[in-house]
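K.L.:
Sharing query_22.txt below, compact mmCIF, C-alpha atoms:
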# COMPACT_ATOMS: atom_id res chain seq x y z
CA MET A 1 8.19 11.92 21.39
CA TRP A 2 8.13 14.02 18.23
CA GLY A 3 11.24 13.48 16.14
CA MET A 4 11.65 9.77 16.72
CA GLU A 5 12.50 7.45 13.84
CA ALA A 6 10.00 5.04 12.31
CA VAL A 7 9.61 2.57 9.47
CA VAL A 8 6.33 2.71 7.55
CA PHE A 9 5.28 -0.09 5.22
CA ASP A 10 2.89 -0.09 2.31
CA MET A 11 0.88 -3.33 2.07
CA ASP A 12 -0.42 -4.28 -1.40
CA GLY A 13 2.51 -5.14 -3.64
CA THR A 14 4.99 -4.62 -0.80
CA LEU A 15 3.99 -7.20 1.82
CA THR A 16 1.24 -9.00 -0.09
CA ASP A 17 1.26 -9.94 -3.75
CA THR A 18 -2.26 -8.63 -4.28
CA GLU A 19 -2.09 -5.87 -6.89
CA ALA A 20 -2.87 -8.40 -9.62
CA THR A 21 -5.72 -9.79 -7.50
CA TRP A 22 -7.30 -6.33 -7.30
CA ASP A 23 -7.01 -6.12 -11.09
CA VAL A 24 -8.63 -9.52 -11.63
CA VAL A 25 -11.59 -8.62 -9.38
CA ARG A 26 -12.11 -5.23 -11.04
CA HIS A 27 -11.84 -6.69 -14.54
CA SER A 28 -14.42 -9.34 -13.61
CA LEU A 29 -16.85 -6.63 -12.48
CA ALA A 30 -16.41 -4.78 -15.77
CA ALA A 31 -17.05 -8.04 -17.64
CA GLU A 32 -20.18 -8.67 -15.55
CA ASP A 33 -21.45 -5.21 -16.46
CA GLY A 34 -20.54 -5.59 -20.13
CA VAL A 35 -18.09 -2.70 -20.32
CA PRO A 36 -14.56 -2.78 -21.81
CA TRP A 37 -11.56 -2.13 -19.60
CA PRO A 38 -10.05 1.31 -20.40
CA GLU A 39 -6.36 1.52 -21.13
CA GLY A 40 -4.48 3.00 -18.19
CA SER A 41 -7.17 2.41 -15.55
CA THR A 42 -5.18 -0.30 -13.76
CA GLN A 43 -2.17 1.96 -13.27
CA ALA A 44 -4.31 4.99 -12.44
CA MET A 45 -6.06 3.26 -9.54
CA MET A 46 -2.94 1.88 -7.87
CA GLY A 47 -2.66 3.92 -4.67
CA MET A 48 -6.04 5.65 -4.93
CA SER A 49 -8.23 5.78 -1.83
CA THR A 50 -11.44 3.76 -1.75
CA GLN A 51 -13.46 6.87 -2.53
CA GLU A 52 -11.23 7.68 -5.50
CA TRP A 53 -11.00 4.25 -7.12
CA SER A 54 -14.69 3.46 -6.66
CA ALA A 55 -15.55 6.74 -8.39
CA HIS A 56 -13.10 5.84 -11.16
CA LEU A 57 -14.80 2.46 -11.63
CA VAL A 58 -18.17 4.16 -12.18
CA GLU A 59 -17.15 7.33 -14.00
CA VAL A 60 -14.28 6.05 -16.17
CA VAL A 61 -14.70 2.27 -16.44
CA GLY A 62 -18.49 2.50 -16.54
CA LEU A 63 -19.62 0.06 -13.84
CA ARG A 64 -23.32 0.16 -13.06
CA GLY A 65 -24.61 1.71 -9.87
CA THR A 66 -22.94 4.16 -7.51
CA PRO A 67 -19.31 4.37 -6.38
CA GLU A 68 -20.50 2.83 -3.10
CA ASP A 69 -21.86 -0.14 -5.06
CA ALA A 70 -18.56 -0.50 -6.91
CA ALA A 71 -16.60 -0.38 -3.66
CA ARG A 72 -18.83 -2.98 -2.00
CA ARG A 73 -18.64 -5.39 -4.93
CA THR A 74 -14.87 -5.03 -5.20
CA ILE A 75 -14.20 -5.47 -1.49
CA GLU A 76 -16.52 -8.48 -1.23
CA GLY A 77 -14.70 -10.12 -4.13
CA LEU A 78 -11.33 -9.48 -2.54
CA GLN A 79 -12.42 -10.70 0.89
CA GLU A 80 -13.50 -14.00 -0.62
CA ILE A 81 -10.08 -14.48 -2.21
CA TYR A 82 -8.14 -13.30 0.84
CA ARG A 83 -9.97 -15.81 3.07
CA THR A 84 -8.64 -18.74 1.10
CA ASN A 85 -5.63 -17.52 -0.87
CA LEU A 86 -3.87 -14.41 0.44
CA ASN A 87 -0.59 -14.23 -1.47
CA VAL A 88 2.07 -13.09 0.99
CA LEU A 89 5.34 -12.01 -0.57
CA PRO A 90 8.44 -14.05 0.36
CA GLY A 91 10.13 -12.73 3.48
CA ALA A 92 7.30 -10.31 4.35
CA ARG A 93 6.68 -11.41 7.93
CA GLU A 94 10.38 -11.74 8.64
CA ALA A 95 11.07 -8.25 7.27
CA VAL A 96 8.38 -6.71 9.46
CA GLU A 97 9.71 -8.58 12.49
CA ARG A 98 13.27 -7.37 11.78
CA MET A 99 12.18 -3.77 11.52
CA ALA A 100 10.00 -4.03 14.65
CA SER A 101 12.97 -5.24 16.66
CA ARG A 102 14.63 -1.86 16.17
CA TRP A 103 12.05 0.77 15.16
CA THR A 104 8.44 1.76 15.73
CA LEU A 105 6.37 0.60 12.77
CA GLY A 106 3.44 2.06 10.87
CA LEU A 107 1.46 0.89 7.88
CA ALA A 108 0.14 3.29 5.23
CA SER A 109 -2.13 1.53 2.77
CA SER A 110 -4.67 2.38 0.12
CA SER A 111 -6.58 -0.79 0.93
CA PRO A 112 -9.87 -0.46 2.82
CA ARG A 113 -9.63 -0.93 6.59
CA VAL A 114 -11.36 -4.31 6.48
CA LEU A 115 -8.73 -5.70 4.09
CA ILE A 116 -5.81 -4.19 6.03
CA ASP A 117 -7.02 -5.87 9.21
CA GLN A 118 -7.76 -9.17 7.48
CA SER A 119 -4.34 -9.28 5.78
CA ALA A 120 -2.37 -8.28 8.88
CA ALA A 121 -4.19 -10.88 10.98
CA THR A 122 -3.65 -13.61 8.39
CA MET A 123 0.08 -12.79 8.26
CA GLY A 124 0.34 -12.67 12.06
CA ILE A 125 1.86 -9.18 12.09
CA ALA A 126 -0.99 -6.99 13.33
CA ASP A 127 0.55 -6.53 16.79
CA LEU A 128 3.87 -5.36 15.33
CA PHE A 129 2.45 -2.06 14.04
CA ALA A 130 1.97 0.88 16.39
CA THR A 131 -0.54 2.30 13.93
CA THR A 132 -2.09 1.32 10.62
CA MET A 133 -4.03 3.59 8.32
CA SER A 134 -6.10 3.38 5.16
CA THR A 135 -6.26 6.31 2.79
CA GLU A 136 -10.06 5.99 2.98
CA GLU A 137 -9.76 7.23 6.59
CA LEU A 138 -8.25 10.56 5.57
CA SER A 139 -10.65 13.44 5.94
CA ASP A 140 -10.21 14.51 2.33
CA ALA A 141 -9.74 10.94 1.03
CA ALA A 142 -6.56 11.94 -0.79
CA GLY A 143 -4.90 8.69 -1.81
CA LYS A 144 -1.39 8.16 -3.05
CA PRO A 145 0.48 9.90 -4.79
CA ALA A 146 -0.59 12.61 -2.33
CA PRO A 147 1.67 12.47 0.76
CA ASP A 148 -1.23 12.73 3.23
CA VAL A 149 -1.35 9.12 4.44
CA TYR A 150 2.38 8.96 5.15
CA LEU A 151 2.34 12.31 6.90
CA GLU A 152 -0.60 11.27 9.07
CA VAL A 153 0.97 7.93 10.00
CA CYS A 154 4.18 9.72 11.00
CA ARG A 155 2.15 12.23 13.01
CA ARG A 156 0.38 9.43 14.85
CA LEU A 157 3.73 7.78 15.60
CA GLY A 158 5.30 11.05 16.76
CA ALA A 159 7.92 10.51 14.07
CA ASP A 160 9.72 13.05 11.93
CA PRO A 161 9.09 12.09 8.28
CA ALA A 162 12.63 13.20 7.39
CA ARG A 163 13.97 10.69 9.92
CA SER A 164 11.66 7.88 8.89
CA VAL A 165 11.75 5.26 6.15
CA ALA A 166 8.91 4.22 3.82
CA VAL A 167 8.94 0.81 2.13
CA GLU A 168 7.04 0.95 -1.16
CA ASP A 169 6.56 -0.75 -4.51
CA SER A 170 4.24 1.21 -6.80
CA THR A 171 4.63 4.43 -8.74
CA ASN A 172 1.99 6.28 -6.74
CA GLY A 173 3.30 4.90 -3.48
CA LEU A 174 6.86 6.00 -4.19
CA LEU A 175 5.66 9.45 -5.22
CA SER A 176 3.60 9.68 -2.02
CA ALA A 177 6.45 8.75 0.33
CA HIS A 178 8.90 10.99 -1.51
CA ALA A 179 6.49 13.92 -1.32
CA ALA A 180 6.17 13.31 2.42
CA GLY A 181 9.91 13.90 2.73
CA MET A 182 10.73 10.39 3.91
CA LYS A 183 13.65 8.14 3.09
CA VAL A 184 12.30 5.68 0.54
CA VAL A 185 13.12 2.02 -0.03
CA ALA A 186 11.70 0.79 -3.33
CA ILE A 187 10.99 -2.87 -4.06
CA PRO A 188 9.75 -2.83 -7.67
CA PRO A 189 7.01 -5.38 -8.33
CA HIS A 190 6.56 -7.58 -11.38
CA PHE A 191 3.06 -6.10 -11.79
CA HIS A 192 3.33 -2.70 -13.49
CA PRO A 193 6.74 -1.71 -12.06
CA PRO A 194 7.53 2.01 -11.77
CA ALA A 195 9.39 3.78 -14.56
CA ALA A 196 13.09 4.48 -14.13
CA GLU A 197 12.52 8.16 -13.40
CA VAL A 198 10.19 7.27 -10.50
CA LEU A 199 12.57 4.67 -9.11
CA ALA A 200 15.26 7.34 -9.20
CA LEU A 201 13.34 9.17 -6.46
CA ALA A 202 13.99 6.30 -4.03
CA ASP A 203 16.99 6.39 -1.73
CA VAL A 204 17.66 2.74 -2.42
CA VAL A 205 16.15 0.09 -4.70
CA ILE A 206 16.22 -3.55 -3.61
CA ASP A 207 15.03 -6.75 -5.23
CA SER A 208 13.28 -8.44 -2.32
CA LEU A 209 12.19 -8.04 1.29
CA ASP A 210 15.10 -10.26 2.33
CA GLU A 211 17.35 -7.29 1.49
CA LEU A 212 15.49 -5.01 3.88
CA THR A 213 17.97 -5.32 6.73
CA ILE A 214 18.58 -3.34 9.89
CA ASP A 215 21.94 -2.22 8.54
CA LEU A 216 20.36 -0.94 5.31
CA VAL A 217 17.70 1.10 7.09
CA ALA A 218 20.08 2.38 9.76
CA GLY A 219 22.40 3.56 7.00
CA LEU A 220 19.59 5.53 5.36
CA LEU A 221 18.66 7.20 8.64
CA GLU A 222 22.25 8.23 9.25
CA ARG A 223 22.39 10.21 6.00
Starting from the file, give its structure as structure tokens.

P.N.:
Amino acid sequence: MWGMEAVVFDMDGTLTDTEATWDVVRHSLAAEDGVPWPEGSTQAMMGMSTQEWSAHLVEVVGLRGTPEDAARRTIEGLQEIYRTNLNVLPGAREAVERMASRWTLGLASSSPRVLIDQSAATMGIADLFATTMSTEELSDAAGKPAPDVYLEVCRRLGADPARSVAVEDSTNGLLSAHAAGMKVVAIPPHFHPPAAEVLALADVVIDSLDELTIDLVAGLLER
């Protein structure tokens, strides 16, 4: 029913410690193609949809080939790493299980669908989400910081964004959830943490997923 409450998780940097892995793979592609890594490209691509970051890799970084080529090479490199060494953040599965015991869950990620499904299956949490969505599946491919992916996940869940909680880590992710009008829990990462003025947009800032408790979230939804 429209108006219900929900909890929506980001994935990379929030449940999985993979933001640095994305950076390693992309840097390796630039090295293969003999182009230097532009200052600011790492931060710029965090939260972008597949269509956006693959275009950035070709147009700004200078990778050879088309954006589709850049996307394929990046995703193949990540899949290889995820198969053998997916870094799951401490307390991730337990946090998702806690939230699922009380609320309907969604996942709003900028990862490609194939990596969302692979990560969720590896973690054993796929069945706990009522819906999962990649920004590449949006009709206009508007990645974070645009609010589109959070708004669409809430729509699919029949949830009111104003009565729902987003769990995020990155600058673009926090901006996206805030723009969607959601309550926002920020868990700043060690990899390019958000600036203080961005963290100030969150309703609460915690240090780890262990602090994401039912009482904490219920308190936010009662505000």

K.L.:
Go ahead and compute the interatomic distance for CA of Val185 (chain A) and CA of Leu199 (chain A), in Å to one decimal.

P.N.:
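Separation between CA of Val185 (chain A) and CA of Leu199 (chain A): 9.5 Å.
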
K.L.:
One decimal, Å: what's the distance from CA of Ala130 (chain A) over to CA of Gly13 (chain A), could you say?

P.N.:
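Distance reported for this atom pair: 20.9 Å.
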
K.L.:
Determine, counting all atoms listed in the file, which protein, DNA and RNA residues have an atom within 7 Å of an atom of Thr74 (chain A); residues of the same chain fewer than 4 positions away are not included. Present the result as a list in words.

P.N.:
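The contact residues come out as Val25, Arg26, Ala70 and Leu78 of chain A.
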
K.L.:
Out of A:Ile214, A:Ile125, A:Ile116, A:Ala44, which residue has the shortest atom-to-atom distance to Lys144 (chain A) when counting all atoms listed in the file?

P.N.:
A:Ala44

K.L.:
Find the axis-aligned box for region 200-207 of chain A, covering all its listed atoms and adding 5 Å on each side, and write its centre and edge lengths in Å to one decimal as JSON.

P.N.:
{"center_x": 15.5, "center_y": 1.2, "center_z": -5.5, "size_x": 14.3, "size_y": 25.9, "size_z": 17.5}

K.L.:
Between A:Ile206, A:Ile75, A:Val35, A:Ala159, which residue has the minimum interatomic distance to Gly62 (chain A), considering all atoms listed in the file?

P.N.:
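Nearest candidate to Gly62 (chain A) out of A:Ile206, A:Ile75, A:Val35, A:Ala159: A:Val35.
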
K.L.:
Restricting the calculation to only C-alpha atoms, which member of A:Ser170, A:Thr122, A:Pro193, A:Val96 is positioned closest to Val8 (chain A)?

P.N.:
A:Val96

K.L.:
Find the residue from A:Glu76, A:Asp203, A:Glu152, A:Asp23 that sits nearest to Leu107 (chain A); use all atoms listed in the file when measuring.

P.N.:
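Of all the options, A:Glu152 lies closest to Leu107 (chain A).
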
K.L.:
Can you tell me how far CA of Asn87 (chain A) sits from CA of Glu39 (chain A), in Å to one decimal?

P.N.:
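Result for CA of Asn87 (chain A) versus CA of Glu39 (chain A): 25.8 Å, one decimal.
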
K.L.:
When distances are computed from only C-alpha atoms, which of A:Val167, A:Met46, A:Leu63, A:Leu15 shows the smallest separation from Thr213 (chain A)?

P.N.:
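Going through A:Val167, A:Met46, A:Leu63, A:Leu15 one by one, the smallest distance to Thr213 (chain A) is for A:Val167.
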
K.L.:
Between A:Met99, A:Val88, A:Ala120, A:Met4, which is the closest to Leu216 (chain A) once you count only C-alpha atoms?

P.N.:
A:Met99

K.L.:
I'd like the neighbourhood of His27 (chain A) as a PDB file with C-alpha atoms, keeping the file's coordinate frame, where a residue qualifies if any of its atoms comes within 12 Å (using only C-alpha atoms), though same-chain residues fewer than 2 positions away should be ignored.

P.N.:
ATOM      1  CA  ALA A  20      -2.870  -8.400  -9.620  1.00  0.00           C
ATOM      2  CA  THR A  21      -5.720  -9.790  -7.500  1.00  0.00           C
ATOM      3  CA  TRP A  22      -7.300  -6.330  -7.300  1.00  0.00           C
ATOM      4  CA  ASP A  23      -7.010  -6.120 -11.090  1.00  0.00           C
ATOM      5  CA  VAL A  24      -8.630  -9.520 -11.630  1.00  0.00           C
ATOM      6  CA  VAL A  25     -11.590  -8.620  -9.380  1.00  0.00           C
ATOM      7  CA  LEU A  29     -16.850  -6.630 -12.480  1.00  0.00           C
ATOM      8  CA  ALA A  30     -16.410  -4.780 -15.770  1.00  0.00           C
ATOM      9  CA  ALA A  31     -17.050  -8.040 -17.640  1.00  0.00           C
ATOM     10  CA  GLU A  32     -20.180  -8.670 -15.550  1.00  0.00           C
ATOM     11  CA  ASP A  33     -21.450  -5.210 -16.460  1.00  0.00           C
ATOM     12  CA  GLY A  34     -20.540  -5.590 -20.130  1.00  0.00           C
ATOM     13  CA  VAL A  35     -18.090  -2.700 -20.320  1.00  0.00           C
ATOM     14  CA  PRO A  36     -14.560  -2.780 -21.810  1.00  0.00           C
ATOM     15  CA  TRP A  37     -11.560  -2.130 -19.600  1.00  0.00           C
ATOM     16  CA  PRO A  38     -10.050   1.310 -20.400  1.00  0.00           C
ATOM     17  CA  GLU A  39      -6.360   1.520 -21.130  1.00  0.00           C
ATOM     18  CA  SER A  41      -7.170   2.410 -15.550  1.00  0.00           C
ATOM     19  CA  THR A  42      -5.180  -0.300 -13.760  1.00  0.00           C
ATOM     20  CA  LEU A  57     -14.800   2.460 -11.630  1.00  0.00           C
ATOM     21  CA  VAL A  61     -14.700   2.270 -16.440  1.00  0.00           C
ATOM     22  CA  GLY A  62     -18.490   2.500 -16.540  1.00  0.00           C
ATOM     23  CA  LEU A  63     -19.620   0.060 -13.840  1.00  0.00           C
ATOM     24  CA  ALA A  70     -18.560  -0.500  -6.910  1.00  0.00           C
ATOM     25  CA  ARG A  73     -18.640  -5.390  -4.930  1.00  0.00           C
ATOM     26  CA  THR A  74     -14.870  -5.030  -5.200  1.00  0.00           C
ATOM     27  CA  GLY A  77     -14.700 -10.120  -4.130  1.00  0.00           C
TER      28      GLY A  77
END

K.L.:
Please list as a short mmCIF file (atom, residue, chain, number, x, y, z; two decimals) with C-alpha atoms, in the coordinates of the input every residue within 10 Å of Leu151 (chain A), counting all atoms listed in the file and excluding residues in the same chain fewer than 5 positions away.

P.N.:
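Output below, filename around25.cif:
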data_model
loop_
_atom_site.label_atom_id
_atom_site.label_comp_id
_atom_site.auth_asym_id
_atom_site.auth_seq_id
_atom_site.Cartn_x
_atom_site.Cartn_y
_atom_site.Cartn_z
CA ALA A 108 0.14 3.29 5.23
CA ALA A 146 -0.59 12.61 -2.33
CA ARG A 156 0.38 9.43 14.85
CA LEU A 157 3.73 7.78 15.60
CA ALA A 159 7.92 10.51 14.07
CA ASP A 160 9.72 13.05 11.93
CA PRO A 161 9.09 12.09 8.28
CA SER A 176 3.60 9.68 -2.02
CA ALA A 177 6.45 8.75 0.33
CA ALA A 179 6.49 13.92 -1.32
CA ALA A 180 6.17 13.31 2.42
CA GLY A 181 9.91 13.90 2.73
CA MET A 182 10.73 10.39 3.91
#

K.L.:
For Glu94 (chain A), list every protein, DNA or RNA residue within 10 Å, evaluated using all atoms listed in the file, and leave out those in the same chain fewer than 2 positions away; present the list as a list in words.

P.N.:
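The neighbour list is Pro90, Gly91, Ala92, Val96, Glu97, Arg98, Met99, Ala100, Ile125, Leu209, Asp210 and Leu212 of chain A.
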
K.L.:
Could region 160-174 of chain A be completed with N, CA, C and O atoms and written as a tab-separated table (two decimals), in the coordinates of the input, please?

P.N.:
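Everything below was put into out-v2.tsv:
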chain	number	residue	atom	x	y	z
A	160	ASP	N	9.35	12.05	12.93
A	160	ASP	CA	9.72	13.05	11.93
A	160	ASP	C	9.81	12.36	10.57
A	160	ASP	O	10.61	11.43	10.42
A	161	PRO	N	9.00	12.75	9.58
A	161	PRO	CA	9.09	12.09	8.28
A	161	PRO	C	10.51	12.06	7.71
A	161	PRO	O	10.90	11.08	7.08
A	162	ALA	N	11.26	13.13	7.93
A	162	ALA	CA	12.63	13.20	7.39
A	162	ALA	C	13.56	12.20	8.06
A	162	ALA	O	14.64	11.91	7.53
A	163	ARG	N	13.16	11.68	9.22
A	163	ARG	CA	13.97	10.69	9.92
A	163	ARG	C	13.28	9.34	9.94
A	163	ARG	O	13.55	8.50	10.81
A	164	SER	N	12.40	9.13	8.97
A	164	SER	CA	11.66	7.88	8.89
A	164	SER	C	11.79	7.29	7.49
A	164	SER	O	12.10	8.00	6.53
A	165	VAL	N	11.56	5.99	7.40
A	165	VAL	CA	11.75	5.26	6.15
A	165	VAL	C	10.43	4.66	5.70
A	165	VAL	O	9.70	4.05	6.51
A	166	ALA	N	10.09	4.84	4.43
A	166	ALA	CA	8.91	4.22	3.82
A	166	ALA	C	9.38	3.07	2.94
A	166	ALA	O	10.39	3.18	2.23
A	167	VAL	N	8.65	1.97	2.97
A	167	VAL	CA	8.94	0.81	2.13
A	167	VAL	C	7.79	0.66	1.15
A	167	VAL	O	6.65	0.39	1.55
A	168	GLU	N	8.08	0.83	-0.14
A	168	GLU	CA	7.04	0.95	-1.16
A	168	GLU	C	7.37	0.16	-2.41
A	168	GLU	O	8.52	-0.22	-2.63
A	169	ASP	N	6.34	-0.04	-3.25
A	169	ASP	CA	6.56	-0.75	-4.51
A	169	ASP	C	6.05	0.00	-5.73
A	169	ASP	O	6.69	-0.01	-6.77
A	170	SER	N	4.91	0.67	-5.61
A	170	SER	CA	4.24	1.21	-6.80
A	170	SER	C	4.65	2.64	-7.12
A	170	SER	O	5.20	3.36	-6.27
A	171	THR	N	4.34	3.05	-8.32
A	171	THR	CA	4.63	4.43	-8.74
A	171	THR	C	3.99	5.44	-7.81
A	171	THR	O	4.65	6.33	-7.27
A	172	ASN	N	2.68	5.32	-7.59
A	172	ASN	CA	1.99	6.28	-6.74
A	172	ASN	C	2.46	6.22	-5.30
A	172	ASN	O	2.52	7.24	-4.61
A	173	GLY	N	2.80	5.04	-4.83
A	173	GLY	CA	3.30	4.90	-3.48
A	173	GLY	C	4.65	5.56	-3.30
A	173	GLY	O	4.91	6.25	-2.30
A	174	LEU	N	5.54	5.37	-4.25
A	174	LEU	CA	6.86	6.00	-4.19
A	174	LEU	C	6.75	7.51	-4.26
A	174	LEU	O	7.43	8.24	-3.53
